[in-house]
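Engineer: My structure is in run01.pdb, and what it holds is PDB, N, CA and C atoms:
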```
ATOM      1  N   ASN A1126      -2.726  -0.183 -21.302
ATOM      2  CA  ASN A1126      -1.564   0.582 -20.897
ATOM      3  C   ASN A1126      -0.861   1.116 -22.134
ATOM      4  N   ASP A1127      -0.606   2.403 -22.131
ATOM      5  CA  ASP A1127       0.072   3.049 -23.245
ATOM      6  C   ASP A1127       0.652   4.357 -22.731
ATOM      7  N   VAL A1128       1.716   4.833 -23.339
ATOM      8  CA  VAL A1128       2.309   6.106 -22.938
ATOM      9  C   VAL A1128       1.414   7.251 -23.402
ATOM     10  N   PRO A1129       1.491   8.440 -22.758
ATOM     11  CA  PRO A1129       0.591   9.532 -23.117
ATOM     12  C   PRO A1129       0.564   9.893 -24.600
ATOM     13  N   GLY A1130       1.666   9.774 -25.320
ATOM     14  CA  GLY A1130       1.675  10.107 -26.738
ATOM     15  C   GLY A1130       1.335   8.950 -27.652
ATOM     16  N   GLY A1131       0.993   7.785 -27.093
ATOM     17  CA  GLY A1131       0.688   6.597 -27.881
ATOM     18  C   GLY A1131      -0.626   6.723 -28.630
ATOM     19  N   PRO A1132      -0.939   5.745 -29.502
ATOM     20  CA  PRO A1132      -2.131   5.846 -30.338
ATOM     21  C   PRO A1132      -3.450   5.867 -29.569
ATOM     22  N   ALA A1133      -3.616   5.005 -28.572
ATOM     23  CA  ALA A1133      -4.892   4.987 -27.839
ATOM     24  C   ALA A1133      -5.086   6.279 -27.041
ATOM     25  N   PRO A1134      -4.108   6.722 -26.238
ATOM     26  CA  PRO A1134      -4.296   7.983 -25.519
ATOM     27  C   PRO A1134      -4.484   9.179 -26.449
ATOM     28  N   ALA A1135      -3.823   9.185 -27.597
ATOM     29  CA  ALA A1135      -3.989  10.299 -28.533
ATOM     30  C   ALA A1135      -5.425  10.365 -29.038
ATOM     31  N   LEU A1136      -6.023   9.203 -29.297
ATOM     32  CA  LEU A1136      -7.415   9.152 -29.741
ATOM     33  C   LEU A1136      -8.351   9.682 -28.661
ATOM     34  N   ILE A1137      -8.141   9.221 -27.436
ATOM     35  CA  ILE A1137      -8.995   9.648 -26.323
ATOM     36  C   ILE A1137      -8.779  11.121 -26.020
ATOM     37  N   ALA A1138      -7.506  11.574 -26.034
ATOM     38  CA  ALA A1138      -7.184  12.956 -25.680
ATOM     39  C   ALA A1138      -7.782  13.957 -26.660
ATOM     40  N   ALA A1139      -8.168  13.503 -27.847
ATOM     41  CA  ALA A1139      -8.826  14.402 -28.790
ATOM     42  C   ALA A1139     -10.159  14.882 -28.228
ATOM     43  N   ALA A1140     -10.789  14.080 -27.374
ATOM     44  CA  ALA A1140     -12.074  14.449 -26.779
ATOM     45  C   ALA A1140     -11.955  14.763 -25.294
ATOM     46  N   LEU A1141     -11.013  14.112 -24.604
ATOM     47  CA  LEU A1141     -10.871  14.269 -23.155
ATOM     48  C   LEU A1141      -9.432  14.636 -22.806
ATOM     49  N   PRO A1142      -9.221  15.693 -22.033
ATOM     50  CA  PRO A1142      -7.857  16.061 -21.648
ATOM     51  C   PRO A1142      -7.188  14.970 -20.809
ATOM     52  N   SER A1143      -5.908  14.721 -21.096
ATOM     53  CA  SER A1143      -5.121  13.738 -20.355
ATOM     54  C   SER A1143      -4.580  14.371 -19.085
ATOM     55  N   LEU A1144      -4.847  13.739 -17.951
ATOM     56  CA  LEU A1144      -4.285  14.204 -16.685
ATOM     57  C   LEU A1144      -2.861  13.686 -16.509
ATOM     58  N   ALA A1145      -2.461  12.704 -17.321
ATOM     59  CA  ALA A1145      -1.121  12.126 -17.232
ATOM     60  C   ALA A1145      -0.090  12.926 -18.020
ATOM     61  N   ALA A1146      -0.510  13.666 -19.023
ATOM     62  CA  ALA A1146       0.435  14.363 -19.902
ATOM     63  C   ALA A1146       1.392  15.295 -19.153
ATOM     64  N   PRO A1147       0.935  16.110 -18.186
ATOM     65  CA  PRO A1147       1.889  16.977 -17.472
ATOM     66  C   PRO A1147       2.952  16.185 -16.708
ATOM     67  N   LEU A1148       2.578  15.048 -16.128
ATOM     68  CA  LEU A1148       3.548  14.217 -15.407
ATOM     69  C   LEU A1148       4.578  13.644 -16.373
ATOM     70  N   ALA A1149       4.110  13.132 -17.498
ATOM     71  CA  ALA A1149       5.017  12.556 -18.495
ATOM     72  C   ALA A1149       5.981  13.619 -19.014
ATOM     73  N   ALA A1150       5.493  14.847 -19.194
ATOM     74  CA  ALA A1150       6.350  15.933 -19.669
ATOM     75  C   ALA A1150       7.462  16.249 -18.669
ATOM     76  N   ARG A1151       7.205  15.996 -17.380
ATOM     77  CA  ARG A1151       8.222  16.231 -16.343
ATOM     78  C   ARG A1151       9.105  15.002 -16.120
ATOM     79  N   GLY A1152       8.873  13.931 -16.867
ATOM     80  CA  GLY A1152       9.681  12.725 -16.727
ATOM     81  C   GLY A1152       9.259  11.826 -15.587
ATOM     82  N   GLU A1153       8.076  12.056 -15.018
ATOM     83  CA  GLU A1153       7.587  11.198 -13.939
ATOM     84  C   GLU A1153       7.020   9.917 -14.539
ATOM     85  N   GLY A1154       6.984   8.869 -13.732
ATOM     86  CA  GLY A1154       6.452   7.614 -14.218
ATOM     87  C   GLY A1154       5.910   6.753 -13.107
ATOM     88  N   SER A1155       5.146   5.745 -13.498
ATOM     89  CA  SER A1155       4.571   4.806 -12.533
ATOM     90  C   SER A1155       5.210   3.423 -12.643
ATOM     91  N   ILE A1156       5.991   3.200 -13.706
ATOM     92  CA  ILE A1156       6.766   1.963 -13.842
ATOM     93  C   ILE A1156       8.185   2.346 -14.254
ATOM     94  N   ARG A1157       9.102   1.420 -14.037
ATOM     95  CA  ARG A1157      10.485   1.652 -14.463
ATOM     96  C   ARG A1157      10.884   0.500 -15.366
ATOM     97  N   PHE A1158      11.340   0.837 -16.563
ATOM     98  CA  PHE A1158      11.738  -0.172 -17.548
ATOM     99  C   PHE A1158      13.107   0.203 -18.101
ATOM    100  N   ASP A1159      14.048  -0.718 -18.014
ATOM    101  CA  ASP A1159      15.424  -0.482 -18.474
ATOM    102  C   ASP A1159      16.009   0.806 -17.895
ATOM    103  N   GLY A1160      15.709   1.066 -16.625
ATOM    104  CA  GLY A1160      16.270   2.222 -15.941
ATOM    105  C   GLY A1160      15.578   3.537 -16.220
ATOM    106  N   ARG A1161      14.483   3.523 -16.981
ATOM    107  CA  ARG A1161      13.743   4.749 -17.314
ATOM    108  C   ARG A1161      12.343   4.685 -16.723
ATOM    109  N   TRP A1162      11.910   5.789 -16.130
ATOM    110  CA  TRP A1162      10.533   5.874 -15.651
ATOM    111  C   TRP A1162       9.622   6.094 -16.844
ATOM    112  N   GLU A1163       8.511   5.358 -16.882
ATOM    113  CA  GLU A1163       7.501   5.501 -17.931
ATOM    114  C   GLU A1163       6.137   5.626 -17.272
ATOM    115  N   LEU A1164       5.253   6.302 -17.950
ATOM    116  CA  LEU A1164       3.909   6.519 -17.417
ATOM    117  C   LEU A1164       2.910   5.882 -18.369
ATOM    118  N   ILE A1165       2.582   4.605 -18.101
ATOM    119  CA  ILE A1165       1.615   3.922 -18.962
ATOM    120  C   ILE A1165       0.238   3.863 -18.306
ATOM    121  N   ASP A1166       0.131   4.385 -17.090
ATOM    122  CA  ASP A1166      -1.162   4.457 -16.408
ATOM    123  C   ASP A1166      -1.762   5.827 -16.720
ATOM    124  N   GLN A1167      -2.986   5.835 -17.199
ATOM    125  CA  GLN A1167      -3.602   7.053 -17.708
ATOM    126  C   GLN A1167      -4.859   7.420 -16.931
ATOM    127  N   ALA A1168      -5.190   8.698 -16.947
ATOM    128  CA  ALA A1168      -6.463   9.186 -16.411
ATOM    129  C   ALA A1168      -6.891  10.362 -17.282
ATOM    130  N   TYR A1169      -8.174  10.469 -17.503
ATOM    131  CA  TYR A1169      -8.735  11.526 -18.341
ATOM    132  C   TYR A1169      -9.881  12.190 -17.598
ATOM    133  N   ALA A1170     -10.186  13.421 -17.978
ATOM    134  CA  ALA A1170     -11.311  14.139 -17.373
ATOM    135  C   ALA A1170     -12.070  14.855 -18.482
ATOM    136  N   SER A1171     -13.309  15.148 -18.211
ATOM    137  CA  SER A1171     -14.079  15.926 -19.178
ATOM    138  C   SER A1171     -13.451  17.319 -19.281
ATOM    139  N   PRO A1172     -13.654  18.009 -20.398
ATOM    140  CA  PRO A1172     -13.101  19.359 -20.523
ATOM    141  C   PRO A1172     -13.565  20.292 -19.398
ATOM    142  N   GLU A1173     -14.776  20.089 -18.901
ATOM    143  CA  GLU A1173     -15.290  20.939 -17.821
ATOM    144  C   GLU A1173     -14.612  20.628 -16.488
ATOM    145  N   LEU A1174     -14.278  19.378 -16.249
ATOM    146  CA  LEU A1174     -13.691  18.957 -14.973
ATOM    147  C   LEU A1174     -12.167  19.081 -14.947
ATOM    148  N   ALA A1175     -11.533  19.013 -16.095
ATOM    149  CA  ALA A1175     -10.064  18.983 -16.168
ATOM    150  C   ALA A1175      -9.368  20.121 -15.420
ATOM    151  N   PRO A1176      -9.872  21.362 -15.454
ATOM    152  CA  PRO A1176      -9.167  22.421 -14.718
ATOM    153  C   PRO A1176      -9.113  22.189 -13.203
ATOM    154  N   GLN A1177     -10.025  21.394 -12.663
ATOM    155  CA  GLN A1177     -10.034  21.112 -11.221
ATOM    156  C   GLN A1177      -9.432  19.754 -10.892
ATOM    157  N   ALA A1178      -8.882  19.060 -11.882
ATOM    158  CA  ALA A1178      -8.382  17.703 -11.652
ATOM    159  C   ALA A1178      -6.876  17.648 -11.881
ATOM    160  N   GLU A1179      -6.217  16.830 -11.084
ATOM    161  CA  GLU A1179      -4.788  16.597 -11.279
ATOM    162  C   GLU A1179      -4.477  15.145 -10.948
ATOM    163  N   MET A1180      -3.453  14.636 -11.596
ATOM    164  CA  MET A1180      -3.016  13.261 -11.381
ATOM    165  C   MET A1180      -1.641  13.302 -10.734
ATOM    166  N   ALA A1181      -1.363  12.334  -9.865
ATOM    167  CA  ALA A1181      -0.056  12.232  -9.214
ATOM    168  C   ALA A1181       0.319  10.762  -9.096
ATOM    169  N   VAL A1182       1.614  10.500  -9.027
ATOM    170  CA  VAL A1182       2.117   9.147  -8.782
ATOM    171  C   VAL A1182       2.409   9.047  -7.293
ATOM    172  N   PHE A1183       1.854   8.040  -6.633
ATOM    173  CA  PHE A1183       2.044   7.808  -5.195
ATOM    174  C   PHE A1183       3.348   7.041  -5.015
ATOM    175  N   ARG A1184       4.353   7.659  -4.332
ATOM    176  CA  ARG A1184       5.695   7.084  -4.242
ATOM    177  C   ARG A1184       6.202   6.978  -2.811
ATOM    178  N   PRO A1185       5.478   6.390  -1.881
ATOM    179  CA  PRO A1185       6.019   6.264  -0.526
ATOM    180  C   PRO A1185       7.201   5.283  -0.524
ATOM    181  N   PRO A1186       8.147   5.462   0.389
ATOM    182  CA  PRO A1186       9.345   4.611   0.411
ATOM    183  C   PRO A1186       9.056   3.109   0.481
ATOM    184  N   PHE A1187       7.968   2.704   1.153
ATOM    185  CA  PHE A1187       7.706   1.266   1.290
ATOM    186  C   PHE A1187       7.279   0.604  -0.019
ATOM    187  N   LEU A1188       6.986   1.388  -1.054
ATOM    188  CA  LEU A1188       6.634   0.823  -2.362
ATOM    189  C   LEU A1188       7.820   0.803  -3.323
ATOM    190  N   LEU A1189       8.998   1.222  -2.842
ATOM    191  CA  LEU A1189      10.167   1.337  -3.709
ATOM    192  C   LEU A1189      11.286   0.403  -3.272
ATOM    193  N   ALA A1190      12.108   0.006  -4.227
ATOM    194  CA  ALA A1190      13.292  -0.824  -3.971
ATOM    195  C   ALA A1190      14.465  -0.207  -4.726
ATOM    196  N   LYS A1191      15.667  -0.470  -4.247
ATOM    197  CA  LYS A1191      16.860  -0.006  -4.968
ATOM    198  C   LYS A1191      16.966  -0.756  -6.289
ATOM    199  N   ASP A1192      17.344  -0.029  -7.326
ATOM    200  CA  ASP A1192      17.563  -0.637  -8.635
ATOM    201  C   ASP A1192      19.058  -0.897  -8.776
ATOM    202  N   ALA A1193      19.490  -2.117  -8.468
ATOM    203  CA  ALA A1193      20.912  -2.470  -8.480
ATOM    204  C   ALA A1193      21.497  -2.454  -9.889
ATOM    205  N   THR A1194      20.682  -2.674 -10.894
ATOM    206  CA  THR A1194      21.166  -2.723 -12.275
ATOM    207  C   THR A1194      21.376  -1.334 -12.864
ATOM    208  N   HIS A1195      20.394  -0.450 -12.674
ATOM    209  CA  HIS A1195      20.417   0.859 -13.331
ATOM    210  C   HIS A1195      20.631   2.022 -12.365
ATOM    211  N   GLY A1196      20.666   1.757 -11.078
ATOM    212  CA  GLY A1196      20.776   2.832 -10.096
ATOM    213  C   GLY A1196      19.425   3.464  -9.823
ATOM    214  N   GLY A1197      19.324   4.191  -8.755
ATOM    215  CA  GLY A1197      18.064   4.834  -8.394
ATOM    216  C   GLY A1197      17.107   3.856  -7.747
ATOM    217  N   GLU A1198      15.827   4.108  -7.944
ATOM    218  CA  GLU A1198      14.778   3.281  -7.343
ATOM    219  C   GLU A1198      13.843   2.757  -8.414
ATOM    220  N   LYS A1199      13.098   1.730  -8.029
ATOM    221  CA  LYS A1199      12.082   1.143  -8.897
ATOM    222  C   LYS A1199      10.967   0.627  -7.996
ATOM    223  N   PRO A1200       9.777   0.353  -8.551
ATOM    224  CA  PRO A1200       8.705  -0.208  -7.727
ATOM    225  C   PRO A1200       9.110  -1.558  -7.133
ATOM    226  N   LEU A1201       8.699  -1.801  -5.902
ATOM    227  CA  LEU A1201       8.949  -3.079  -5.232
ATOM    228  C   LEU A1201       7.904  -4.071  -5.733
ATOM    229  N   ARG A1202       8.309  -4.930  -6.650
ATOM    230  CA  ARG A1202       7.390  -5.853  -7.315
ATOM    231  C   ARG A1202       6.984  -7.007  -6.407
ATOM    232  N   THR A1203       5.845  -7.604  -6.717
ATOM    233  CA  THR A1203       5.401  -8.800  -6.008
ATOM    234  C   THR A1203       6.259  -9.988  -6.416
ATOM    235  N   TYR A1204       6.455 -10.164  -7.703
ATOM    236  CA  TYR A1204       7.256 -11.272  -8.237
ATOM    237  C   TYR A1204       8.328 -10.722  -9.168
ATOM    238  N   VAL A1205       9.475 -11.371  -9.170
ATOM    239  CA  VAL A1205      10.501 -11.162 -10.189
ATOM    240  C   VAL A1205      10.669 -12.528 -10.840
ATOM    241  N   GLY A1206      10.108 -12.682 -12.039
ATOM    242  CA  GLY A1206      10.029 -14.013 -12.651
ATOM    243  C   GLY A1206       9.144 -14.876 -11.766
ATOM    244  N   PRO A1207       9.556 -16.116 -11.463
ATOM    245  CA  PRO A1207       8.738 -16.976 -10.610
ATOM    246  C   PRO A1207       9.003 -16.767  -9.110
ATOM    247  N   ARG A1208       9.957 -15.893  -8.777
ATOM    248  CA  ARG A1208      10.366 -15.715  -7.377
ATOM    249  C   ARG A1208       9.528 -14.629  -6.698
ATOM    250  N   TYR A1209       8.904 -15.004  -5.578
ATOM    251  CA  TYR A1209       8.110 -14.057  -4.797
ATOM    252  C   TYR A1209       9.043 -13.095  -4.080
ATOM    253  N   GLN A1210       8.801 -11.801  -4.245
ATOM    254  CA  GLN A1210       9.645 -10.776  -3.650
ATOM    255  C   GLN A1210       8.944 -10.062  -2.498
ATOM    256  N   GLY A1211       7.620 -10.148  -2.442
ATOM    257  CA  GLY A1211       6.885  -9.566  -1.327
ATOM    258  C   GLY A1211       6.415  -8.144  -1.525
ATOM    259  N   GLY A1212       6.628  -7.570  -2.697
ATOM    260  CA  GLY A1212       6.174  -6.204  -2.946
ATOM    261  C   GLY A1212       4.702  -6.167  -3.309
ATOM    262  N   VAL A1213       4.283  -5.041  -3.834
ATOM    263  CA  VAL A1213       2.871  -4.843  -4.142
ATOM    264  C   VAL A1213       2.582  -4.999  -5.633
ATOM    265  N   SER A1214       3.384  -4.350  -6.487
ATOM    266  CA  SER A1214       3.096  -4.339  -7.916
ATOM    267  C   SER A1214       4.325  -3.870  -8.677
ATOM    268  N   ASP A1215       4.322  -4.060  -9.989
ATOM    269  CA  ASP A1215       5.389  -3.477 -10.797
ATOM    270  C   ASP A1215       5.045  -2.049 -11.214
ATOM    271  N   HIS A1216       3.848  -1.581 -10.841
ATOM    272  CA  HIS A1216       3.430  -0.198 -11.081
ATOM    273  C   HIS A1216       3.275   0.500  -9.735
ATOM    274  N   LEU A1217       3.613   1.786  -9.692
ATOM    275  CA  LEU A1217       3.259   2.594  -8.531
ATOM    276  C   LEU A1217       1.819   3.057  -8.728
ATOM    277  N   PRO A1218       1.065   3.242  -7.645
ATOM    278  CA  PRO A1218      -0.319   3.709  -7.788
ATOM    279  C   PRO A1218      -0.365   5.143  -8.316
ATOM    280  N   VAL A1219      -1.399   5.431  -9.070
ATOM    281  CA  VAL A1219      -1.642   6.811  -9.486
ATOM    282  C   VAL A1219      -2.912   7.292  -8.801
ATOM    283  N   LEU A1220      -2.910   8.558  -8.459
ATOM    284  CA  LEU A1220      -4.041   9.171  -7.768
ATOM    285  C   LEU A1220      -4.596  10.286  -8.630
ATOM    286  N   VAL A1221      -5.894  10.497  -8.556
ATOM    287  CA  VAL A1221      -6.526  11.641  -9.202
ATOM    288  C   VAL A1221      -7.212  12.443  -8.118
ATOM    289  N   ARG A1222      -6.866  13.715  -8.053
ATOM    290  CA  ARG A1222      -7.473  14.623  -7.073
ATOM    291  C   ARG A1222      -8.355  15.602  -7.841
ATOM    292  N   ILE A1223      -9.598  15.720  -7.396
ATOM    293  CA  ILE A1223     -10.542  16.647  -8.018
ATOM    294  C   ILE A1223     -10.946  17.664  -6.966
ATOM    295  N   SER A1224     -10.686  18.932  -7.247
ATOM    296  CA  SER A1224     -11.040  20.011  -6.324
ATOM    297  C   SER A1224     -12.429  20.518  -6.662
ATOM    298  N   SER A1225     -13.176  20.839  -5.629
ATOM    299  CA  SER A1225     -14.541  21.314  -5.862
ATOM    300  C   SER A1225     -14.569  22.785  -6.242
ATOM    301  N   GLY A1226     -13.543  23.523  -5.892
ATOM    302  CA  GLY A1226     -13.528  24.944  -6.200
ATOM    303  C   GLY A1226     -14.350  25.769  -5.236
ATOM    304  N   THR A1227     -14.871  25.136  -4.173
ATOM    305  CA  THR A1227     -15.633  25.863  -3.163
ATOM    306  C   THR A1227     -14.994  25.631  -1.808
ATOM    307  N   ALA A1228     -15.395  26.415  -0.837
ATOM    308  CA  ALA A1228     -14.844  26.291   0.512
ATOM    309  C   ALA A1228     -15.434  25.101   1.253
ATOM    310  N   GLY A1229     -16.429  24.486   0.728
ATOM    311  CA  GLY A1229     -17.064  23.351   1.375
ATOM    312  C   GLY A1229     -18.552  23.389   1.122
ATOM    313  N   PRO A1230     -19.268  22.406   1.655
ATOM    314  CA  PRO A1230     -20.713  22.387   1.420
ATOM    315  C   PRO A1230     -21.373  23.591   2.073
ATOM    316  N   SER A1231     -22.348  24.139   1.398
ATOM    317  CA  SER A1231     -23.051  25.292   1.971
ATOM    318  C   SER A1231     -24.071  24.808   2.993
ATOM    319  N   SER A1232     -24.324  25.659   3.953
ATOM    320  CA  SER A1232     -25.320  25.324   4.976
ATOM    321  C   SER A1232     -26.707  25.438   4.378
ATOM    322  N   PRO A1233     -27.597  24.544   4.757
ATOM    323  CA  PRO A1233     -28.965  24.654   4.233
ATOM    324  C   PRO A1233     -29.636  25.917   4.769
ATOM    325  N   SER A1234     -30.495  26.478   3.961
ATOM    326  CA  SER A1234     -31.251  27.660   4.402
ATOM    327  C   SER A1234     -32.296  27.240   5.414
ATOM    328  N   PRO A1235     -32.555  28.099   6.410
ATOM    329  CA  PRO A1235     -33.604  27.740   7.373
ATOM    330  C   PRO A1235     -34.971  27.685   6.691
ATOM    331  N   ALA A1236     -35.809  26.828   7.178
ATOM    332  CA  ALA A1236     -37.166  26.703   6.626
ATOM    333  C   ALA A1236     -37.959  27.960   6.948
ATOM    334  N   PRO A1237     -38.845  28.392   6.039
ATOM    335  CA  PRO A1237     -39.666  29.599   6.306
ATOM    336  C   PRO A1237     -40.688  29.362   7.385
TER
END
```
Mind turning this structure into structure tokens?

Structural biologist:
Amino acid sequence: NDVPGGPAPALIAAALPSLAAPLAARGEGSIRFDGRWELIDQAYASPELAPQAEMAVFRPPFLLAKDATHGGEKPLRTYVGPRYQGGVSDHLPVLVRISSGTAGPSSPSPAP
């Protein structure tokens, strides 16, 4: 786990485009730390695939809890210290969508 501009992602991004960088630039995140959203979950694509790929943070209401300390929302964690809270994770899930760029599978040609 590292932020998009961190040392490990910078090394990888030299060869593979980061799908997380656009989200981080917009201030989106998959975890909340000290009241700030951060994006330490990363995804990369080959240069050929990157134009058809996008990453998103999955944020349905049932995965979020009110942040009483900092305001706003935060992921609904499974544990807070040793206390079970019943959530899923301290990270929100990230999704990668890859578009094929076609209208769908082509029909097979009839046999001669």

Engineer: Using only C-alpha atoms, which of the listed residues (A:Ala1178, A:Ile1156, A:Lys1199, A:Phe1183) sits closest to A:His1216?

Structural biologist: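 Among the listed residues, A:Ile1156 lies closest to A:His1216.
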
Engineer: Evaluate the PyMOL selection byres ((chain A and resi 1164) around 7) on the structure here and hand back the selected residues as a list in words.

Structural biologist: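 Listing what the PyMOL selection byres ((chain A and resi 1164) around 7) selects in the shown file: Asp1127, Val1128, Pro1129, Ala1149, Glu1153, Gly1154, Ser1155, Ile1156, Trp1162, Glu1163, Ile1165, Asp1166 and Gln1167 of chain A.
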
Engineer: Write to file, as a PDB file, keeping the file's coordinate frame, the residues of the selection just made, with N, CA and C atoms.

Structural biologist:
```pdb
ATOM      1  N   ASP A1127      -0.606   2.403 -22.131  1.00  0.00           N
ATOM      2  CA  ASP A1127       0.072   3.049 -23.245  1.00  0.00           C
ATOM      3  C   ASP A1127       0.652   4.357 -22.731  1.00  0.00           C
ATOM      4  N   VAL A1128       1.716   4.833 -23.339  1.00  0.00           N
ATOM      5  CA  VAL A1128       2.309   6.106 -22.938  1.00  0.00           C
ATOM      6  C   VAL A1128       1.414   7.251 -23.402  1.00  0.00           C
ATOM      7  N   PRO A1129       1.491   8.440 -22.758  1.00  0.00           N
ATOM      8  CA  PRO A1129       0.591   9.532 -23.117  1.00  0.00           C
ATOM      9  C   PRO A1129       0.564   9.893 -24.600  1.00  0.00           C
ATOM     10  N   ALA A1149       4.110  13.132 -17.498  1.00  0.00           N
ATOM     11  CA  ALA A1149       5.017  12.556 -18.495  1.00  0.00           C
ATOM     12  C   ALA A1149       5.981  13.619 -19.014  1.00  0.00           C
ATOM     13  N   GLU A1153       8.076  12.056 -15.018  1.00  0.00           N
ATOM     14  CA  GLU A1153       7.587  11.198 -13.939  1.00  0.00           C
ATOM     15  C   GLU A1153       7.020   9.917 -14.539  1.00  0.00           C
ATOM     16  N   GLY A1154       6.984   8.869 -13.732  1.00  0.00           N
ATOM     17  CA  GLY A1154       6.452   7.614 -14.218  1.00  0.00           C
ATOM     18  C   GLY A1154       5.910   6.753 -13.107  1.00  0.00           C
ATOM     19  N   SER A1155       5.146   5.745 -13.498  1.00  0.00           N
ATOM     20  CA  SER A1155       4.571   4.806 -12.533  1.00  0.00           C
ATOM     21  C   SER A1155       5.210   3.423 -12.643  1.00  0.00           C
ATOM     22  N   ILE A1156       5.991   3.200 -13.706  1.00  0.00           N
ATOM     23  CA  ILE A1156       6.766   1.963 -13.842  1.00  0.00           C
ATOM     24  C   ILE A1156       8.185   2.346 -14.254  1.00  0.00           C
ATOM     25  N   TRP A1162      11.910   5.789 -16.130  1.00  0.00           N
ATOM     26  CA  TRP A1162      10.533   5.874 -15.651  1.00  0.00           C
ATOM     27  C   TRP A1162       9.622   6.094 -16.844  1.00  0.00           C
ATOM     28  N   GLU A1163       8.511   5.358 -16.882  1.00  0.00           N
ATOM     29  CA  GLU A1163       7.501   5.501 -17.931  1.00  0.00           C
ATOM     30  C   GLU A1163       6.137   5.626 -17.272  1.00  0.00           C
ATOM     31  N   ILE A1165       2.582   4.605 -18.101  1.00  0.00           N
ATOM     32  CA  ILE A1165       1.615   3.922 -18.962  1.00  0.00           C
ATOM     33  C   ILE A1165       0.238   3.863 -18.306  1.00  0.00           C
ATOM     34  N   ASP A1166       0.131   4.385 -17.090  1.00  0.00           N
ATOM     35  CA  ASP A1166      -1.162   4.457 -16.408  1.00  0.00           C
ATOM     36  C   ASP A1166      -1.762   5.827 -16.720  1.00  0.00           C
ATOM     37  N   GLN A1167      -2.986   5.835 -17.199  1.00  0.00           N
ATOM     38  CA  GLN A1167      -3.602   7.053 -17.708  1.00  0.00           C
ATOM     39  C   GLN A1167      -4.859   7.420 -16.931  1.00  0.00           C
TER      40      GLN A1167
END
```

Engineer: Which residue, A:Ile1137, A:Leu1144, A:Pro1218, A:Pro1132, has the smallest gap to A:Glu1179 when you use all atoms listed in the file?

Structural biologist: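 When distances to A:Glu1179 are compared using all atoms listed in the file, the smallest one comes from A:Leu1144.
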
Engineer: In Å to one decimal, how far is atom N of A:Gly1196 from atom C of A:Leu1220?

Structural biologist: 26.8 Å

Engineer: From the list A:Gly1160, A:Thr1194, A:Val1219, A:Val1205, which residue is nearest A:Met1180 when using only N, CA and C atoms?

Structural biologist: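 Among the listed residues, the smallest separation from A:Met1180 belongs to A:Val1219.
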
Engineer: Please return, as a ChimeraX atom specification, all residues of stretch 1193-1224 of chain A that DSSP assigns to strand (DSSP E) on the basis of the backbone.

Structural biologist: /A:1198-1200,1204-1205,1208-1209,1219-1223
